[in-house]
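Reproduced below: model_21.txt, with compact mmCIF, C-alpha atoms.
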```txt
# COMPACT_ATOMS: atom_id res chain seq x y z
CA MET A 1 0.00 0.00 0.00
CA ALA A 2 1.48 3.35 -1.11
CA MET A 3 1.83 6.15 1.39
CA TYR A 4 2.24 9.91 1.11
CA VAL A 5 3.05 12.46 3.78
CA LEU A 6 1.66 16.01 3.87
CA TYR A 7 3.97 18.55 5.48
CA GLU A 8 2.27 21.88 6.15
CA SER A 9 4.25 24.86 7.42
CA SER A 10 4.45 28.62 7.12
CA SER A 11 6.75 28.11 4.10
CA GLY A 12 4.15 26.22 2.11
CA TYR A 13 2.62 22.81 1.49
CA ALA A 14 4.86 19.85 0.57
CA LEU A 15 3.78 16.35 -0.47
CA PHE A 16 6.30 13.52 0.03
CA ASP A 17 6.20 9.98 -1.35
CA VAL A 18 7.33 7.31 1.14
CA HIS A 19 9.45 4.50 -0.37
CA GLY A 20 10.57 1.18 1.06
CA LEU A 21 7.44 0.36 3.02
CA ASP A 22 7.55 -3.23 1.78
CA GLU A 23 10.99 -3.66 3.35
CA ILE A 24 10.68 -1.84 6.68
CA GLY A 25 6.90 -1.65 7.02
CA GLN A 26 5.89 0.96 9.55
CA ASP A 27 8.94 0.42 11.75
CA VAL A 28 9.29 3.50 13.96
CA GLU A 29 12.80 2.60 15.12
CA ALA A 30 14.05 2.25 11.53
CA VAL A 31 12.77 5.71 10.65
CA ARG A 32 14.11 7.18 13.90
CA SER A 33 17.60 5.85 13.20
CA SER A 34 17.61 7.20 9.62
CA VAL A 35 16.47 10.73 10.51
CA SER A 36 19.95 11.86 11.57
CA ASP A 37 21.44 10.82 8.20
CA LEU A 38 20.16 12.82 5.22
CA THR A 39 21.37 10.22 2.70
CA ARG A 40 19.46 7.37 4.34
CA PHE A 41 16.40 9.48 5.01
CA GLY A 42 16.44 10.78 1.41
CA GLN A 43 16.09 7.23 0.14
CA LEU A 44 13.04 6.72 2.34
CA VAL A 45 11.21 9.97 1.51
CA LYS A 46 11.05 11.73 -1.88
CA LEU A 47 9.56 15.15 -2.57
CA SER A 48 6.55 14.80 -4.86
CA ALA A 49 5.15 18.36 -4.96
CA PHE A 50 5.61 21.69 -3.24
CA HIS A 51 3.44 24.80 -3.17
CA PRO A 52 5.16 27.88 -1.63
CA LEU A 53 3.11 30.62 0.02
CA GLN A 54 3.65 34.01 -1.52
CA THR A 55 3.38 36.51 1.36
CA PRO A 56 3.77 36.39 5.14
CA LEU A 57 0.05 37.20 5.45
CA ASP A 58 -0.85 34.14 3.35
CA ALA A 59 1.46 32.04 5.49
CA GLN A 60 -0.16 33.31 8.67
CA ASN A 61 -3.68 32.58 7.39
CA GLN A 62 -2.72 29.06 6.29
CA VAL A 63 -1.05 28.27 9.61
CA ASN A 64 -4.14 29.52 11.44
CA ALA A 65 -6.35 27.22 9.37
CA VAL A 66 -4.11 24.19 9.90
CA SER A 67 -3.79 24.81 13.65
CA GLU A 68 -7.60 24.89 13.93
CA GLY A 69 -8.01 21.68 11.95
CA PHE A 70 -9.63 23.36 8.95
CA MET A 71 -8.82 22.79 5.29
CA SER A 72 -8.28 25.93 3.26
CA GLU A 73 -9.14 26.24 -0.41
CA GLU A 74 -5.44 26.52 -1.23
CA LEU A 75 -4.73 23.17 0.43
CA ARG A 76 -7.69 21.57 -1.36
CA SER A 77 -6.42 22.77 -4.74
CA PHE A 78 -2.91 21.54 -3.96
CA LEU A 79 -4.13 18.03 -3.10
CA GLU A 80 -6.54 17.83 -6.03
CA LEU A 81 -3.67 18.69 -8.37
CA ASN A 82 -0.90 16.49 -6.91
CA PHE A 83 -2.54 13.70 -4.90
CA PRO A 84 -3.96 10.57 -6.59
CA LYS A 85 -7.70 10.78 -7.11
CA VAL A 86 -9.96 8.62 -4.98
CA GLU A 87 -12.52 6.75 -7.07
CA GLU A 88 -15.96 6.01 -5.72
CA ASP A 89 -16.86 2.46 -4.60
CA ILE A 90 -13.21 1.42 -4.93
CA GLU A 91 -11.02 1.00 -1.87
CA PRO A 92 -7.94 3.23 -2.29
CA LYS A 93 -4.51 1.61 -2.28
CA PHE A 94 -2.77 4.61 -0.77
CA SER A 95 -2.99 6.73 2.36
CA LEU A 96 -1.92 10.19 3.45
CA GLY A 97 0.02 10.88 6.63
CA VAL A 98 -0.85 14.14 8.40
CA SER A 99 0.33 15.71 11.66
CA ASP A 100 -3.09 16.66 13.05
CA PRO A 101 -5.90 14.07 13.39
CA LYS A 102 -8.48 16.88 13.06
CA LEU A 103 -7.09 17.79 9.66
CA GLY A 104 -7.14 14.12 8.68
CA SER A 105 -10.81 13.85 9.61
CA CYS A 106 -11.58 16.97 7.60
CA LEU A 107 -9.75 15.60 4.54
CA PHE A 108 -11.59 12.30 4.78
CA GLU A 109 -15.01 13.95 5.10
CA SER A 110 -14.52 16.42 2.24
CA MET A 111 -12.24 14.52 -0.21
CA LYS A 112 -12.55 10.88 0.99
CA ILE A 113 -8.77 10.66 1.43
CA PRO A 114 -7.76 7.96 3.96
CA CYS A 115 -5.44 9.64 6.46
CA GLU A 116 -3.10 8.39 9.18
CA SER A 117 -1.61 10.25 12.14
CA ASN A 118 0.27 7.64 14.13
CA GLU A 119 3.77 7.54 15.64
CA PHE A 120 5.28 6.35 12.36
CA VAL A 121 3.91 9.40 10.52
CA GLN A 122 5.11 11.74 13.26
CA GLU A 123 8.66 10.39 12.96
CA LEU A 124 8.55 10.88 9.19
CA LEU A 125 7.37 14.46 9.64
CA ARG A 126 10.11 15.07 12.19
CA GLY A 127 12.71 14.02 9.64
CA VAL A 128 11.08 16.14 6.92
CA ARG A 129 11.07 19.13 9.24
CA GLN A 130 14.75 18.63 10.03
CA HIS A 131 15.89 18.31 6.40
CA PHE A 132 13.24 20.46 4.78
CA ASP A 133 15.70 23.05 3.39
CA SER A 134 17.67 20.27 1.67
CA PHE A 135 14.57 18.90 -0.08
CA ILE A 136 13.54 22.33 -1.40
CA SER A 137 16.56 23.21 -3.51
CA ASP A 138 14.83 25.82 -5.72
CA PHE A 139 13.38 27.72 -2.80
CA LYS A 140 15.13 31.08 -2.30
CA PRO A 141 16.91 31.39 1.10
CA GLY A 142 15.38 34.82 1.71
CA ARG A 143 11.90 33.34 1.56
CA PHE A 144 12.67 31.16 4.61
CA ARG A 145 13.22 34.29 6.65
CA LYS A 146 9.84 35.70 5.59
CA ALA A 147 8.12 32.41 6.31
CA LYS A 148 9.70 32.17 9.77
CA PHE A 149 8.69 35.77 10.42
CA ALA A 150 5.09 34.90 9.54
CA ARG A 151 5.16 31.97 11.93
CA ARG A 152 6.67 34.13 14.66
CA GLU A 153 4.04 36.82 14.03
CA LYS A 154 1.29 34.22 14.34
CA VAL A 155 2.68 33.04 17.68
CA ASN A 156 3.17 36.55 19.05
CA PHE A 157 -0.33 37.75 18.13
CA ASN A 158 -2.21 34.50 18.63
CA VAL A 159 -5.51 35.28 20.32
CA THR A 160 -5.46 31.91 22.09
CA ARG A 161 -2.31 32.98 23.93
CA GLU A 162 -3.94 36.27 24.88
CA ASP A 163 -7.09 34.66 26.25
CA TYR A 164 -4.84 32.38 28.31
CA MET A 165 -3.85 35.50 30.26
CA VAL A 166 -7.54 36.27 30.80
CA ILE A 167 -8.15 32.76 32.15
CA GLN A 168 -5.23 32.95 34.57
CA THR A 169 -6.18 36.46 35.70
CA ILE A 170 -9.78 35.58 36.53
CA PHE A 171 -8.57 32.54 38.49
CA LEU A 172 -6.11 34.73 40.38
CA LEU A 173 -8.81 37.34 41.01
CA ASP A 174 -11.08 34.73 42.59
CA THR A 175 -8.22 33.49 44.77
CA VAL A 176 -7.34 37.01 45.88
CA ASP A 177 -11.00 37.71 46.74
CA LYS A 178 -11.12 34.63 48.99
CA ASP A 179 -7.85 35.59 50.67
CA ILE A 180 -9.00 39.18 51.25
CA HIS A 181 -12.25 37.98 52.78
CA SER A 182 -10.45 35.50 55.06
CA PHE A 183 -7.76 37.98 56.14
CA ALA A 184 -10.25 40.81 56.69
CA MET A 185 -12.32 38.59 58.96
CA ARG A 186 -9.17 37.72 60.89
CA VAL A 187 -8.33 41.42 61.34
CA ARG A 188 -11.85 42.10 62.65
CA GLU A 189 -11.73 39.21 65.12
CA TRP A 190 -8.26 40.15 66.28
CA TYR A 191 -8.71 43.91 66.67
CA SER A 192 -12.27 43.67 68.05
CA CYS A 193 -10.84 42.29 71.29
CA HIS A 194 -9.14 45.65 71.72
CA PHE A 195 -11.77 47.95 70.17
CA PRO A 196 -15.12 46.05 69.83
CA GLU A 197 -17.22 49.20 69.19
CA LEU A 198 -15.42 49.92 65.89
CA GLU A 199 -16.93 46.83 64.24
CA LYS A 200 -20.45 48.22 64.68
CA ILE A 201 -19.52 51.65 63.32
CA VAL A 202 -17.57 50.52 60.22
CA ASN A 203 -18.91 47.69 58.04
CA ASP A 204 -16.46 47.88 55.14
CA SER A 205 -13.49 45.54 55.65
CA TYR A 206 -11.04 47.74 53.73
CA MET A 207 -11.93 50.81 55.84
CA TYR A 208 -11.76 48.72 58.99
CA ALA A 209 -8.20 47.61 58.18
CA GLN A 210 -7.19 51.22 57.42
CA LEU A 211 -8.70 52.48 60.69
CA SER A 212 -7.05 49.75 62.75
CA LYS A 213 -3.73 50.81 61.27
CA ILE A 214 -4.35 54.52 62.01
CA ILE A 215 -5.81 54.11 65.51
CA GLU A 216 -3.47 51.45 66.89
CA ASP A 217 -4.10 52.02 70.63
CA LYS A 218 -7.70 53.14 71.31
CA SER A 219 -6.72 54.82 74.56
CA LYS A 220 -4.66 57.38 72.61
CA LEU A 221 -7.56 58.52 70.38
CA SER A 222 -8.10 62.30 70.49
CA GLU A 223 -9.33 65.21 68.40
CA GLU A 224 -6.03 65.13 66.48
CA HIS A 225 -7.05 61.86 64.81
CA ILE A 226 -10.29 63.27 63.36
CA PRO A 227 -8.77 64.62 60.06
CA MET A 228 -7.08 61.26 59.34
CA LEU A 229 -10.22 59.32 60.22
CA THR A 230 -12.36 61.67 58.10
CA GLU A 231 -10.08 61.08 55.10
CA VAL A 232 -10.73 57.34 55.34
CA LEU A 233 -14.42 57.43 56.30
CA GLY A 234 -15.41 60.47 54.24
CA ASP A 235 -17.68 61.67 57.05
CA GLU A 236 -16.55 63.89 59.92
CA ASP A 237 -19.51 62.96 62.12
CA LYS A 238 -18.65 59.29 61.85
CA ALA A 239 -15.01 60.08 62.61
CA ARG A 240 -16.05 61.88 65.82
CA GLU A 241 -18.21 58.89 66.68
CA VAL A 242 -15.17 56.62 66.35
CA VAL A 243 -13.12 58.88 68.64
CA LYS A 244 -15.89 59.01 71.19
CA ALA A 245 -16.36 55.23 71.10
CA GLY A 246 -12.61 54.68 71.51
CA GLN A 247 -12.43 56.87 74.58
CA ALA A 248 -15.30 54.96 76.22
CA SER A 249 -14.42 51.50 74.88
CA ILE A 250 -14.72 48.43 77.11
CA GLY A 251 -12.16 46.42 75.10
CA ASN A 252 -9.05 44.83 76.55
CA ASN A 253 -5.82 46.77 76.60
CA LYS A 254 -3.10 45.21 74.46
CA ARG A 255 0.64 45.39 74.76
CA PRO A 256 2.52 47.43 72.12
CA VAL A 257 3.99 44.28 70.56
CA ASP A 258 0.47 42.85 70.10
CA LEU A 259 -0.80 46.06 68.51
CA MET A 260 2.24 46.16 66.23
CA THR A 261 1.48 42.62 65.02
CA ILE A 262 -2.14 43.53 64.32
CA GLN A 263 -1.04 46.68 62.48
CA THR A 264 1.39 44.71 60.30
CA PHE A 265 -1.35 42.22 59.39
CA ALA A 266 -3.76 45.10 58.59
CA GLU A 267 -1.13 46.58 56.26
CA GLY A 268 -1.02 43.24 54.43
CA VAL A 269 -4.80 43.29 53.98
CA ILE A 270 -4.64 46.87 52.66
CA SER A 271 -1.86 46.07 50.18
CA LEU A 272 -3.67 42.92 49.00
CA THR A 273 -6.87 44.92 48.45
CA ASP A 274 -4.94 47.54 46.46
CA TYR A 275 -3.39 44.78 44.37
CA ARG A 276 -6.87 43.40 43.74
CA LYS A 277 -7.93 46.74 42.27
CA THR A 278 -4.87 46.79 40.01
CA LEU A 279 -5.55 43.20 38.93
CA TYR A 280 -9.16 44.05 38.11
CA ASP A 281 -8.07 47.01 35.95
CA TYR A 282 -5.63 44.73 34.12
CA LEU A 283 -8.39 42.17 33.53
CA VAL A 284 -10.70 44.84 32.10
CA VAL A 285 -8.02 45.97 29.63
CA LYS A 286 -7.12 42.40 28.66
CA VAL A 287 -10.71 41.29 28.07
CA ASN A 288 -11.35 44.36 25.90
CA ASP A 289 -8.28 43.44 23.84
CA VAL A 290 -9.21 39.76 23.43
CA ALA A 291 -13.01 39.96 23.13
CA PRO A 292 -14.08 43.60 22.73
CA ASN A 293 -17.56 42.88 21.37
CA LEU A 294 -18.35 40.27 24.01
CA ALA A 295 -17.14 42.61 26.77
CA THR A 296 -19.23 45.47 25.37
CA LEU A 297 -22.31 43.26 25.29
CA ILE A 298 -22.17 41.50 28.64
CA GLY A 299 -19.41 43.15 30.69
CA GLU A 300 -15.77 42.32 31.31
CA MET A 301 -16.17 40.08 34.35
CA VAL A 302 -18.91 37.89 32.87
CA ALA A 303 -17.03 37.68 29.56
CA ALA A 304 -13.86 36.60 31.37
CA ARG A 305 -15.73 33.91 33.29
CA LEU A 306 -17.32 32.56 30.11
CA ILE A 307 -13.92 32.38 28.38
CA SER A 308 -12.39 30.74 31.44
CA ARG A 309 -15.10 28.07 31.76
CA ALA A 310 -15.05 27.30 28.02
CA GLY A 311 -11.24 26.95 28.09
CA SER A 312 -10.50 29.54 25.42
CA LEU A 313 -12.18 32.12 23.24
CA GLY A 314 -12.06 29.65 20.35
CA ASN A 315 -13.96 27.02 22.32
CA LEU A 316 -16.49 29.63 23.39
CA ALA A 317 -16.98 30.76 19.79
CA LYS A 318 -17.64 27.18 18.70
CA CYS A 319 -20.19 26.57 21.46
CA PRO A 320 -23.87 26.71 20.51
CA SER A 321 -25.86 29.36 22.33
CA SER A 322 -27.70 26.70 24.36
CA THR A 323 -24.38 25.54 25.82
CA LEU A 324 -23.18 29.09 26.44
CA GLN A 325 -26.43 29.83 28.26
CA ILE A 326 -25.75 27.31 31.04
CA LEU A 327 -21.96 27.69 31.32
CA GLY A 328 -21.32 27.87 35.05
CA ALA A 329 -24.40 25.82 35.98
CA GLU A 330 -23.04 22.37 35.16
CA LYS A 331 -23.70 20.95 38.62
CA ALA A 332 -27.33 22.10 38.56
CA LEU A 333 -27.74 20.62 35.07
CA LEU A 334 -26.33 17.23 36.07
CA ARG A 335 -28.47 17.21 39.22
CA ALA A 336 -31.57 17.99 37.16
CA LEU A 337 -30.78 15.22 34.67
CA ARG A 338 -30.14 12.77 37.49
CA THR A 339 -33.27 13.58 39.50
CA GLY A 340 -35.57 14.48 36.62
CA GLY A 341 -36.05 18.04 37.88
CA LYS A 342 -36.06 21.33 36.02
CA THR A 343 -32.90 22.22 34.13
CA PRO A 344 -31.20 25.56 34.90
CA LYS A 345 -32.04 28.55 32.72
CA HIS A 346 -28.75 30.41 33.07
CA GLY A 347 -25.20 30.13 34.35
CA PHE A 348 -22.66 32.95 34.45
CA ILE A 349 -24.86 35.20 32.30
CA PHE A 350 -27.20 35.48 35.30
CA HIS A 351 -24.79 38.15 36.62
CA SER A 352 -25.52 40.34 33.60
CA SER A 353 -27.60 43.45 34.17
CA PHE A 354 -30.06 42.28 31.49
CA ILE A 355 -31.07 39.24 33.54
CA SER A 356 -31.34 41.17 36.80
CA ARG A 357 -33.55 43.83 35.17
CA ALA A 358 -35.91 41.24 33.72
CA SER A 359 -38.93 40.08 35.70
CA ALA A 360 -39.02 36.58 37.18
CA ARG A 361 -41.18 35.19 34.37
CA ASN A 362 -38.91 36.70 31.69
CA LYS A 363 -35.49 35.67 33.03
CA GLY A 364 -35.44 32.48 30.99
CA ARG A 365 -36.44 34.31 27.82
CA MET A 366 -33.81 36.98 28.38
CA ALA A 367 -31.20 34.30 29.10
CA ARG A 368 -31.89 32.64 25.72
CA CYS A 369 -31.80 35.96 23.91
CA LEU A 370 -28.61 37.08 25.63
CA ALA A 371 -26.88 33.72 25.09
CA SER A 372 -27.57 33.86 21.35
CA LYS A 373 -26.14 37.38 21.10
CA CYS A 374 -23.11 36.41 23.20
CA SER A 375 -22.46 33.50 20.86
CA ILE A 376 -22.48 35.87 17.88
CA ALA A 377 -20.19 38.35 19.66
CA ALA A 378 -17.69 35.60 20.58
CA ARG A 379 -17.54 34.40 16.97
CA VAL A 380 -17.01 37.93 15.69
CA ASP A 381 -14.17 38.44 18.18
CA TYR A 382 -12.49 35.13 17.36
CA PHE A 383 -12.97 34.79 13.62
CA GLY A 384 -13.24 38.46 12.66
CA ASP A 385 -10.38 40.73 11.64
CA SER A 386 -11.63 43.93 13.30
CA ASN A 387 -10.86 44.89 16.90
CA GLY A 388 -13.71 47.40 17.17
CA THR A 389 -16.81 47.21 19.32
CA GLU A 390 -19.41 48.04 16.64
CA PHE A 391 -20.96 44.57 16.63
CA GLY A 392 -21.09 44.48 20.42
CA GLU A 393 -22.89 47.83 20.58
CA LYS A 394 -25.41 46.73 17.95
CA LEU A 395 -26.04 43.44 19.74
CA ARG A 396 -26.47 45.28 23.04
CA GLU A 397 -29.10 47.50 21.42
CA LYS A 398 -30.93 44.39 20.19
CA VAL A 399 -30.97 42.90 23.69
CA GLU A 400 -32.19 46.22 25.12
CA GLU A 401 -35.03 46.24 22.59
CA ARG A 402 -35.93 42.66 23.48
CA LEU A 403 -35.97 43.49 27.19
CA GLY A 404 -38.17 46.52 26.58
CA SER A 405 -40.59 44.60 24.38
CA LEU A 406 -40.99 41.84 26.99
CA HIS A 407 -41.63 44.42 29.69
CA ASN A 408 -44.23 46.26 27.59
CA VAL A 409 -46.05 43.10 26.53
CA TYR A 410 -46.44 41.72 30.04
CA ALA A 411 -47.23 45.14 31.53
CA ARG A 412 -50.12 45.41 29.07
CA LYS A 413 -51.28 41.91 29.95
CA GLU A 414 -51.19 42.63 33.70
CA VAL A 415 -53.25 45.80 33.21
CA LEU A 416 -55.89 43.83 31.34
CA GLU A 417 -55.98 41.18 34.08
CA ASP A 418 -56.31 43.80 36.84
CA GLU A 419 -59.21 45.50 35.08
CA GLU A 420 -60.75 42.10 34.24
CA ILE A 421 -61.11 43.08 30.62
CA VAL A 422 -61.34 40.35 28.06
CA ASP A 423 -59.32 41.61 25.14
CA PRO A 424 -59.27 39.58 21.92
CA SER A 425 -55.68 40.68 21.38
CA GLU A 426 -54.54 38.82 24.52
CA GLU A 427 -53.90 35.68 22.52
CA LYS A 428 -51.86 37.78 20.13
CA ILE A 429 -49.75 39.01 23.06
CA ASP A 430 -48.90 35.44 24.04
CA GLU A 431 -48.13 34.63 20.42
CA GLU A 432 -45.81 37.66 20.19
CA VAL A 433 -43.92 36.48 23.26
CA LYS A 434 -43.50 32.97 21.86
CA GLN A 435 -42.33 34.28 18.50
CA GLY A 436 -39.85 36.61 20.16
CA CYS A 437 -38.29 33.79 22.12
```

Kindly return the structure encoded in the file as structure tokens.
Amino acid sequence: MAMYVLYESSSGYALFDVHGLDEIGQDVEAVRSSVSDLTRFGQLVKLSAFHPLQTPLDAQNQVNAVSEGFMSEELRSFLELNFPKVEEDIEPKFSLGVSDPKLGSCLFESMKIPCESNEFVQELLRGVRQHFDSFISDFKPGRFRKAKFARREKVNFNVTREDYMVIQTIFLLDTVDKDIHSFAMRVREWYSCHFPELEKIVNDSYMYAQLSKIIEDKSKLSEEHIPMLTEVLGDEDKAREVVKAGQASIGNNKRPVDLMTIQTFAEGVISLTDYRKTLYDYLVVKVNDVAPNLATLIGEMVAARLISRAGSLGNLAKCPSSTLQILGAEKALLRALRTGGKTPKHGFIFHSSFISRASARNKGRMARCLASKCSIAARVDYFGDSNGTEFGEKLREKVEERLGSLHNVYARKEVLEDEEIVDPSEEKIDEEVKQGC
């Protein structure tokens, strides 16, 4: 059985004919030992056809298609011209070795070419990659530099590498939030033994940590501390209340070394909270760079969580809207399938302002509408060439219109029910709602 190997790179497409299969079969060790020697490997593999890519932009587009497992029109034309034709109802006596199984499946579905992607093929491709410049003798040396530059440009500006930063940042943000909550509670429990009245006056954990650092010893509170306390609290009356409570506090007196330890820990909480703000600003910028339309439609935090749960922006773009709708509610879905209960209507998109503004009876309808628009926005961000937010703004307007129409329709229906008026158009209202969903 004859065998060919397809080598796709940023330099172009090359088709190699594999010789000597009757002698060595698909012996991986024999190929591995011959890779280091060009003379031996040249007897095993012969160049059959080569199609160079003309510009770095063409090379970048072709590499993108191959990395995603798609077959471009240029690759189809190359194989139709140089690869043996597969006749219908006749089992082919040849196969094609490819590096990516996804590409092999695509070639088999579209052109009925039997493909292989085993260890033997990978070793052949490794040898071709190592001696590729020797096989292509007519290829100009300067073109290799352009092709390598296109590959490097694809790696540097690959959106999948950028959304990896979004995934790691949202994970880190969740971890920092848990740590801040845990540490802030520890500061409250620790310092409340010394100044228990402060916990009732100040509810915010960040302000509480700042005040515990400023006050230190409650017995030393005086009118001189009011400007500093006012700067933190933003209210002079509340600052005077803190001073008054400190002077009449029933808390235990602590030694200076104990107060110094509490102050150091409060400084750590303050610095971690400040870092959290910086991390959030970084996440907002990064999400707007990776998925500007999705962020415009649903917000940066929800967009980041959707990308993180899907695994990448590419996976999110390939998800149907029904899957995107319940991302984040997998446990509820599995529980509903196991117990036969109601399936969840929304996952992470529940945190969108559109869902919170919708009435209880319309949350499911708004979730379906918003999920469909988010799916469109993710595909525009991933597959589109523009980095603008025009599509996201248009989609947001559509969702706003849908929310307004649902509100108006059900407000009209409630008015008719309150007045006990039988309106023949009531059936039309229900029909409008069903059509809109």

Pairwise distance, atom CA of A:Glu300 with atom CA of A:Val284, equals 5.7 Å

Would you write out, as a Markdown table, a table of all residues in stretch 358-413 of chain A that have an atom no more than 10 Å from an atom of stretch 307-316 of chain A, listing for each the closest atom pair and the distance in Å to one decimal, considering only C-alpha atoms and ordering rows by chain and rising residue number?
```
| residue | atom | partner | partner_atom | distance |
| --- | --- | --- | --- | --- |
| A:Cys374 | CA | A:Leu316 | CA | 9.5 |
| A:Ser375 | CA | A:Leu316 | CA | 7.6 |
| A:Ala378 | CA | A:Leu316 | CA | 6.7 |
| A:Arg379 | CA | A:Gly314 | CA | 8.0 |
| A:Asp381 | CA | A:Leu313 | CA | 8.3 |
| A:Tyr382 | CA | A:Gly314 | CA | 6.3 |
| A:Phe383 | CA | A:Gly314 | CA | 8.5 |
```

Protein, DNA and RNA residues within 12 Å of (-14.8, 5.7, -3.5), all atoms listed in the file, as a list in words: Lys85, Val86, Glu87, Glu88, Asp89, Ile90, Glu91, Pro92, Lys93, Phe108, Glu109, Met111, Lys112, Ile113 and Pro114 of chain A

Residues proximal to (-7.8, 47.2, 75.2) were defined as those with any atom within 12 Å of that point in the file's coordinates, counting all atoms listed in the file. Which are they, as a PyMOL selection string? chain A and resi 190-197+216-220+246-256+258-259

Could you give me, as an mmCIF file with C-alpha atoms, in the coordinates of the input, the residues within 12 Å of A:Glu80, counting only C-alpha atoms and dropping anything in the same chain fewer than 2 positions from it?
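Result file out.cif:
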```
data_model
loop_
_atom_site.group_PDB
_atom_site.id
_atom_site.type_symbol
_atom_site.label_atom_id
_atom_site.label_comp_id
_atom_site.auth_asym_id
_atom_site.auth_seq_id
_atom_site.Cartn_x
_atom_site.Cartn_y
_atom_site.Cartn_z
ATOM 1 C CA LEU A 15 3.780 16.350 -0.470
ATOM 2 C CA ALA A 49 5.150 18.360 -4.960
ATOM 3 C CA GLU A 73 -9.140 26.240 -0.410
ATOM 4 C CA GLU A 74 -5.440 26.520 -1.230
ATOM 5 C CA LEU A 75 -4.730 23.170 0.430
ATOM 6 C CA ARG A 76 -7.690 21.570 -1.360
ATOM 7 C CA SER A 77 -6.420 22.770 -4.740
ATOM 8 C CA PHE A 78 -2.910 21.540 -3.960
ATOM 9 C CA ASN A 82 -0.900 16.490 -6.910
ATOM 10 C CA PHE A 83 -2.540 13.700 -4.900
ATOM 11 C CA PRO A 84 -3.960 10.570 -6.590
ATOM 12 C CA LYS A 85 -7.700 10.780 -7.110
ATOM 13 C CA VAL A 86 -9.960 8.620 -4.980
ATOM 14 C CA LEU A 107 -9.750 15.600 4.540
ATOM 15 C CA SER A 110 -14.520 16.420 2.240
ATOM 16 C CA MET A 111 -12.240 14.520 -0.210
ATOM 17 C CA LYS A 112 -12.550 10.880 0.990
ATOM 18 C CA ILE A 113 -8.770 10.660 1.430
#
```

Name the residues in contact with A:Ile214 at a cut-off of 8 Å, using all atoms listed in the file, excluding same-chain residues fewer than 4 positions from it; report them as a list in words.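 Residues meeting the cut-off are Gln210, Met228 and Leu229 of chain A.
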